[in-house]
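Chemist: CSV, C-alpha atoms, saved as coords.csv, coming up:
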chain,number,residue,atom,x,y,z
Z,1,MET,CA,11.7,30.6,-13.7
Z,2,GLY,CA,12.2,29.1,-10.2
Z,3,LEU,CA,9.7,28.2,-7.6
Z,4,SER,CA,9.0,30.5,-4.7
Z,5,PRO,CA,10.0,29.3,-1.2
Z,6,ASP,CA,6.4,28.8,-0.3
Z,7,ALA,CA,5.8,26.6,-3.3
Z,8,LYS,CA,8.9,24.5,-2.5
Z,9,GLU,CA,7.7,24.0,1.0
Z,10,ARG,CA,4.2,22.9,0.0
Z,11,LEU,CA,5.7,20.6,-2.6
Z,12,GLY,CA,8.0,19.1,0.0
Z,13,VAL,CA,5.0,18.5,2.3
Z,14,VAL,CA,3.1,16.8,-0.5
Z,15,PHE,CA,6.0,14.5,-1.3
Z,16,ASP,CA,6.4,13.6,2.4
Z,17,VAL,CA,2.7,12.7,2.7
Z,18,ALA,CA,2.9,10.7,-0.6
Z,19,LYS,CA,5.9,8.8,0.7
Z,20,THR,CA,4.2,8.0,4.0
Z,21,VAL,CA,1.0,6.9,2.3
Z,22,PHE,CA,3.0,4.6,-0.1
Z,23,HIS,CA,5.1,3.3,2.8
Z,24,TRP,CA,2.2,2.3,4.9
Z,25,GLY,CA,-0.3,1.4,2.1
Z,26,PHE,CA,1.7,-0.8,-0.2
Z,27,ILE,CA,1.5,-4.2,1.6
Z,28,PRO,CA,-2.2,-3.8,2.5
Z,29,ALA,CA,-3.0,-2.9,-1.1
Z,30,VAL,CA,-1.2,-6.0,-2.4
Z,31,LEU,CA,-3.0,-8.2,0.2
Z,32,TYR,CA,-6.3,-6.6,-0.8
Z,33,LEU,CA,-5.8,-7.2,-4.5
Z,34,GLY,CA,-4.7,-10.8,-3.8
Z,35,PHE,CA,-7.8,-11.6,-1.7
Z,36,LYS,CA,-10.0,-9.9,-4.2
Z,37,LYS,CA,-8.6,-12.1,-7.0
Z,38,GLY,CA,-9.0,-15.3,-4.9
Z,39,ALA,CA,-7.1,-18.5,-4.9
Z,40,GLU,CA,-6.0,-20.2,-8.1
Z,41,GLN,CA,-7.8,-23.3,-9.2
Z,42,GLY,CA,-6.7,-26.4,-7.2
Z,43,HIS,CA,-5.5,-24.4,-4.2
Z,44,PRO,CA,-7.3,-24.0,-0.8
Z,45,PRO,CA,-9.5,-20.9,-0.5
Z,46,LEU,CA,-7.9,-17.8,0.8
Z,47,SER,CA,-8.9,-16.4,4.2
Z,48,ILE,CA,-7.3,-14.1,6.7
Z,49,PHE,CA,-6.6,-17.1,9.0
Z,50,SER,CA,-4.7,-18.9,6.2
Z,51,LEU,CA,-2.6,-15.8,5.7
Z,52,LEU,CA,-1.7,-15.8,9.5
Z,53,TRP,CA,-1.1,-19.5,10.0
Z,54,GLN,CA,0.8,-20.6,6.9
Please express the file's structure as structure tokens.

Modeler:
Amino acid sequence: MGLSPDAKERLGVVFDVAKTVFHWGFIPAVLYLGFKKGAEQGHPPLSIFSLLWQ
């Protein structure tokens, strides 16, 4: 049983949106999780300025 053309089109749109969200959201998500965890013991504290200048 195959998909109808409308279902294929909607599925294609969903995949395109998911690809765009992953493409633009991966690095910010990694940075967010890293800042949420914090610096390891013995390292300087994390800040947005330390990310930009080092």

Chemist: Could you check the closest approach to Gly34 in chain Z for each of Z:Leu51, Z:Val13, Z:Phe22, Z:Lys8 and tell me which residue wins, using only C-alpha atoms?

Modeler: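 Under the stated criterion, the closest residue is Z:Leu51.
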
Chemist: Contacts of Ser47 in chain Z at 10 Å or less, counting only C-alpha atoms, minus same-chain residues fewer than 5 places along, as a ChimeraX atom specification?

Modeler: /Z:35,38-39,52

Chemist: As an exercise, work out the distance from CA of Asp16 in chain Z to CA of Lys36 in chain Z in Å and give it to one decimal place.

Modeler: 29.4 Å

Chemist: One decimal, Å: what's the distance from CA of Asp6 in chain Z over to CA of His23 in chain Z, could you say?

Modeler: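 Computing it gives 25.7 Å between the two atoms.
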
Chemist: Hey, can you check how far CA of Ile48 in chain Z sits from CA of Leu31 in chain Z?

Modeler: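 According to the coordinates, CA of Ile48 in chain Z and CA of Leu31 in chain Z are separated by 9.8 Å.
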